[in-house]
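Let me begin by presenting the structure, written as structure tokens, before commenting on it.
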Amino acid sequence: MERIPILKIGSYLLVSIQVDMHDRLAMSLQDDLTAHIVKARAKGVLIDISSLELVDSFIGRTLGNIAAMSRVLDAQTVLVGMRPAVAITLVELGMSLPGVRTALNVDQGLALLQTAIDQGDHGAGDGV
Amino acid sequence: MPATASESLPISGPDDVVVVRQRVRELAIMLGFRLVDQTKLVTAASELARNTLQHGRGGKVEITTLQDGSKKGLRLVFEDQGPGIPDIERALTDGFTTGGGLGLGLGGSKRLCNEFSVESEPGRGTRVMIARWA
């Protein structure tokens with residue numbers, strides 16, 4: 001079965017979604033990534049969606065779930081590279097991805113991860 | 001509004017949802033939709049194709065290119081013979097779901113398009129029409 005590769009760089013995991021995701025692929029990414037976080041003792045997860053031309057409610061929900069699950073596993077998630085047209089559509093659809101940290105590109109995403117980890121911050125959506 | 005060409009695609013598995021959105025994207029580009037308009041229409045198509053699959057137990061989509069003077073557009077009609085929607089008003093409310101999702105599909109798709117209608121008969125199926133102009 002098709003898989004989205006997960007790369008380990010130091011204590012981070014890097015995922016770059018390069019394909020039009022069908023629902024099963026999104027679910028398998030969620031499963032694979034949580035397993036990798038534990039196995040690699042990762043502190044941060046960077047998800048690059050700059051190639052994604054579409055984020056619908058299912059993919060959006062999966063990304064939100066990944067961020068929440070990572071947080072529970074003591075890892076921070078940053079979503080990077082969302083295209084402007086995707087952002088406009090997602091908000092109009094009714095999804096603003098609460099609890100998901102975002103950055104414009106991989107560089108800024110890595111900086112954000114580092115800051116979050118240094119501060120022992122547990123995510124944007126805790127409300128505490 | 002005169003229709004210029006029409007085609008039908010089956011929606012019977014998760015891969016078909018991807019095929020539908022890729023075809024809608026191709027046609028939207030061909031008709032000169034701006035990127036944001038393409039993305040809105042393709043996202044609405046993805047939501048409704050998934051609804052057809054999950055709630056309607058599969059069905060089809062009829063894709064029609066429209067021309068009204070110099071205006072070009074796309075109309076998508078999703079049809080299934082599933083259980084139908086007992087309360088359409090409620091199904092259009094954000095957050096209402098019976099499928100374990102977020103309940104944004106129907107109401108969200110309506111916001112992403114210029115024209116929207118839904119007809120449903122309990123036990124007989126559901127027909128959702130959306131259209132967007134380039």
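Note on naming: chains are A, B, ... as they come in the structure tokens, residues start from 1 per chain, ligands start from 1 in the order shown.
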For chain A versus chain B, which residues have an atom no more than 9 Å away, and what is each residue's nearest atom pair and distance in Å rounded to one decimal, using only C-alpha atoms, chain-then-number order, as CSV?
```
residue,atom,partner,partner_atom,distance
A:Asp20,CA,B:Val18,CA,7.2
A:Met21,CA,B:Val18,CA,7.6
A:His22,CA,B:Val18,CA,6.1
A:Asp23,CA,B:Pro14,CA,6.5
A:Arg24,CA,B:Pro14,CA,7.6
A:Glu53,CA,B:Thr39,CA,7.2
A:Leu54,CA,B:Thr43,CA,6.4
A:Val55,CA,B:Thr43,CA,7.2
A:Asp56,CA,B:Thr43,CA,5.6
A:Ser57,CA,B:Leu104,CA,6.9
A:Phe58,CA,B:Gly101,CA,7.5
A:Arg61,CA,B:Leu102,CA,7.8
A:Pro84,CA,B:Val36,CA,8.2
A:Ala85,CA,B:Val36,CA,4.8
A:Val86,CA,B:Thr39,CA,6.6
A:Ile88,CA,B:Val36,CA,7.6
A:Thr89,CA,B:Lys40,CA,5.5
A:Leu90,CA,B:Lys40,CA,8.6
A:Glu92,CA,B:Arg111,CA,6.8
A:Leu93,CA,B:Gly108,CA,4.3
A:Gly94,CA,B:Gly108,CA,6.3
A:Met95,CA,B:Leu104,CA,8.2
```
Long-range neighbours of Val77 of chain B as JSON, numbers by chain, 7 Å cut-off, only C-alpha atoms, 3 positions minimum in chain: {"B": [61, 62, 63, 127, 128, 129, 130]}
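Pairwise distance (atom CA of Arg23 of chain B, atom CA of Ser51 of chain A) equals 18.0 Å.
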Residue with smallest distance to Glu79 of chain B - pool B:Cys113, B:Ala134, B:Ala91, B:Leu9, counting only C-alpha atoms: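 Smallest distance to Glu79 of chain B is found for B:Leu9.
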Backbone-only DSSP, alpha helix (DSSP H) members of chain B, as a PyMOL selection string: chain B and resi 14-30+35-54+88-91+105-111
Atomic separation - atom CA of Leu46 of chain A relative to atom CA of Tyr12 of chain A, Å: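 Here the two named atoms are 7.3 Å from each other.
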Polymer residues at most 10 Å from His55 of chain B, only C-alpha atoms, same-chain spacing of 2 or more positions, as a list in words: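 Selected residues are Leu48, Ala49, Arg50, Asn51, Thr52, Leu53, Arg57, Gly58, Asp80, Gln81, Gly82, Pro83, Gly84, Ile85, Thr98, Gly99, Gly125 and Thr126 of chain B.
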Just the selected residues (N, CA and C atoms), exported as a PDB file, in the first residue's frame, please.
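And here is the file that came out, result01.pdb:
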```
ATOM      1  N   LEU B  48     -18.812  16.629  -1.014  1.00  0.00           N
ATOM      2  CA  LEU B  48     -20.070  16.016  -1.442  1.00  0.00           C
ATOM      3  C   LEU B  48     -19.862  14.595  -1.958  1.00  0.00           C
ATOM      4  N   ALA B  49     -18.721  14.359  -2.618  1.00  0.00           N
ATOM      5  CA  ALA B  49     -18.427  12.997  -3.084  1.00  0.00           C
ATOM      6  C   ALA B  49     -18.292  12.068  -1.872  1.00  0.00           C
ATOM      7  N   ARG B  50     -17.659  12.571  -0.810  1.00  0.00           N
ATOM      8  CA  ARG B  50     -17.513  11.753   0.398  1.00  0.00           C
ATOM      9  C   ARG B  50     -18.868  11.499   1.047  1.00  0.00           C
ATOM     10  N   ASN B  51     -19.730  12.517   1.053  1.00  0.00           N
ATOM     11  CA  ASN B  51     -21.092  12.323   1.572  1.00  0.00           C
ATOM     12  C   ASN B  51     -21.834  11.241   0.794  1.00  0.00           C
ATOM     13  N   THR B  52     -21.720  11.307  -0.541  1.00  0.00           N
ATOM     14  CA  THR B  52     -22.383  10.318  -1.396  1.00  0.00           C
ATOM     15  C   THR B  52     -21.902   8.916  -1.039  1.00  0.00           C
ATOM     16  N   LEU B  53     -20.605   8.805  -0.804  1.00  0.00           N
ATOM     17  CA  LEU B  53     -20.012   7.513  -0.479  1.00  0.00           C
ATOM     18  C   LEU B  53     -20.416   7.034   0.918  1.00  0.00           C
ATOM     19  N   ARG B  57     -24.147   5.566   0.606  1.00  0.00           N
ATOM     20  CA  ARG B  57     -23.681   4.222   0.243  1.00  0.00           C
ATOM     21  C   ARG B  57     -23.284   4.143  -1.227  1.00  0.00           C
ATOM     22  N   GLY B  58     -22.730   5.212  -1.753  1.00  0.00           N
ATOM     23  CA  GLY B  58     -22.262   5.239  -3.138  1.00  0.00           C
ATOM     24  C   GLY B  58     -23.299   5.806  -4.082  1.00  0.00           C
ATOM     25  N   ASP B  80     -27.439   9.725  -5.020  1.00  0.00           N
ATOM     26  CA  ASP B  80     -27.327   8.385  -4.445  1.00  0.00           C
ATOM     27  C   ASP B  80     -28.708   7.818  -4.175  1.00  0.00           C
ATOM     28  N   GLN B  81     -28.757   6.507  -3.949  1.00  0.00           N
ATOM     29  CA  GLN B  81     -30.031   5.855  -3.590  1.00  0.00           C
ATOM     30  C   GLN B  81     -29.975   5.383  -2.138  1.00  0.00           C
ATOM     31  N   GLY B  82     -29.301   6.162  -1.326  1.00  0.00           N
ATOM     32  CA  GLY B  82     -29.117   5.800   0.073  1.00  0.00           C
ATOM     33  C   GLY B  82     -30.338   6.104   0.927  1.00  0.00           C
ATOM     34  N   PRO B  83     -30.125   6.190   2.239  1.00  0.00           N
ATOM     35  CA  PRO B  83     -31.247   6.353   3.171  1.00  0.00           C
ATOM     36  C   PRO B  83     -31.909   7.725   3.138  1.00  0.00           C
ATOM     37  N   GLY B  84     -31.277   8.701   2.460  1.00  0.00           N
ATOM     38  CA  GLY B  84     -31.885  10.030   2.401  1.00  0.00           C
ATOM     39  C   GLY B  84     -31.633  10.838   3.654  1.00  0.00           C
ATOM     40  N   ILE B  85     -32.023  12.116   3.594  1.00  0.00           N
ATOM     41  CA  ILE B  85     -31.813  13.022   4.733  1.00  0.00           C
ATOM     42  C   ILE B  85     -33.185  13.391   5.304  1.00  0.00           C
ATOM     43  N   THR B  98     -24.064  12.721  11.338  1.00  0.00           N
ATOM     44  CA  THR B  98     -24.486  11.379  11.749  1.00  0.00           C
ATOM     45  C   THR B  98     -23.376  10.390  11.409  1.00  0.00           C
ATOM     46  N   GLY B  99     -22.334  10.881  10.732  1.00  0.00           N
ATOM     47  CA  GLY B  99     -21.325   9.964  10.200  1.00  0.00           C
ATOM     48  C   GLY B  99     -20.020   9.970  10.960  1.00  0.00           C
ATOM     49  N   GLY B 125     -33.173   8.292  -1.419  1.00  0.00           N
ATOM     50  CA  GLY B 125     -31.889   8.827  -1.846  1.00  0.00           C
ATOM     51  C   GLY B 125     -31.802  10.338  -1.758  1.00  0.00           C
ATOM     52  N   THR B 126     -30.651  10.853  -2.197  1.00  0.00           N
ATOM     53  CA  THR B 126     -30.363  12.282  -2.075  1.00  0.00           C
ATOM     54  C   THR B 126     -29.746  12.790  -3.374  1.00  0.00           C
TER      55      THR B 126
END
```
Near-Thr77 of chain A list (6 Å; only C-alpha atoms; drop same-chain fewer than 6 positions) as an MDAnalysis selection string: chainID A and resid 44:46 67
Shell around Val15 of chain A at 12 Å using only C-alpha atoms, local window under 2 positions removed, as a VMD selection string: chain A and resid 3 to 9 12 to 13 17 to 19 29 to 30 32 to 33 36 to 37 44 to 51 63 66 77 to 81 106
Output file for the selection above: C-alpha atoms, as an mmCIF file, in the first residue's frame:
```
data_model
loop_
_atom_site.group_PDB
_atom_site.id
_atom_site.type_symbol
_atom_site.label_atom_id
_atom_site.label_comp_id
_atom_site.auth_asym_id
_atom_site.auth_seq_id
_atom_site.Cartn_x
_atom_site.Cartn_y
_atom_site.Cartn_z
ATOM 1 C CA ARG A 3 2.673 5.350 2.217
ATOM 2 C CA ILE A 4 3.780 8.882 2.962
ATOM 3 C CA PRO A 5 7.473 8.836 3.962
ATOM 4 C CA ILE A 6 8.420 10.037 7.439
ATOM 5 C CA LEU A 7 11.996 11.302 7.802
ATOM 6 C CA LYS A 8 13.832 11.571 11.111
ATOM 7 C CA ILE A 9 16.139 14.549 11.515
ATOM 8 C CA TYR A 12 12.290 15.880 14.759
ATOM 9 C CA LEU A 13 10.172 14.038 12.263
ATOM 10 C CA ILE A 17 2.791 15.367 1.694
ATOM 11 C CA GLN A 18 3.316 15.297 -2.066
ATOM 12 C CA VAL A 19 0.252 13.412 -3.258
ATOM 13 C CA LEU A 29 -0.297 8.721 7.993
ATOM 14 C CA GLN A 30 -1.957 9.320 11.364
ATOM 15 C CA ASP A 32 2.410 5.734 11.111
ATOM 16 C CA LEU A 33 3.273 9.094 12.563
ATOM 17 C CA HIS A 36 7.198 6.912 14.728
ATOM 18 C CA ILE A 37 6.935 9.563 17.456
ATOM 19 C CA GLY A 44 8.712 17.722 17.181
ATOM 20 C CA VAL A 45 6.825 16.948 13.992
ATOM 21 C CA LEU A 46 6.962 19.149 10.932
ATOM 22 C CA ILE A 47 4.313 18.547 8.288
ATOM 23 C CA ASP A 48 4.892 20.228 4.938
ATOM 24 C CA ILE A 49 1.704 20.653 2.913
ATOM 25 C CA SER A 50 3.069 23.066 0.296
ATOM 26 C CA SER A 51 2.276 20.548 -2.464
ATOM 27 C CA LEU A 63 -4.148 17.063 10.518
ATOM 28 C CA ILE A 66 -2.230 14.339 14.348
ATOM 29 C CA THR A 77 3.514 19.674 15.630
ATOM 30 C CA VAL A 78 3.894 22.493 13.147
ATOM 31 C CA LEU A 79 2.079 22.576 9.827
ATOM 32 C CA VAL A 80 3.999 24.489 7.168
ATOM 33 C CA GLY A 81 3.519 25.757 3.634
ATOM 34 C CA VAL A 106 10.057 24.797 6.752
#
```
Interatomic distance, atom CA of Ala40 of chain A to atom CA of Gln76 of chain A (Å, one decimal):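 If I compute the distance from atom CA of Ala40 of chain A to atom CA of Gln76 of chain A, I get 13.8 Å.
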Neighbour list for Gln67 of chain B as number ranges by chain, cut-off 8 Å, only C-alpha atoms, skip fewer than 2 positions in-chain: B: 1-4, 65, 69-73
Residue nearest Leu73 of chain A - candidates A:Leu110, A:Leu97, A:Ala103, A:Ala35, atoms counted: only C-alpha atoms: A:Ala35
Backbone DSSP call of strand (DSSP E or B) for segment 43-72 of chain A, listed as a ChimeraX atom specification: /A:44-48
Proximity to Ala75 of chain A - best of A:Gly120, A:Gly60, A:Gly109, A:Gly99, only C-alpha atoms: A:Gly120
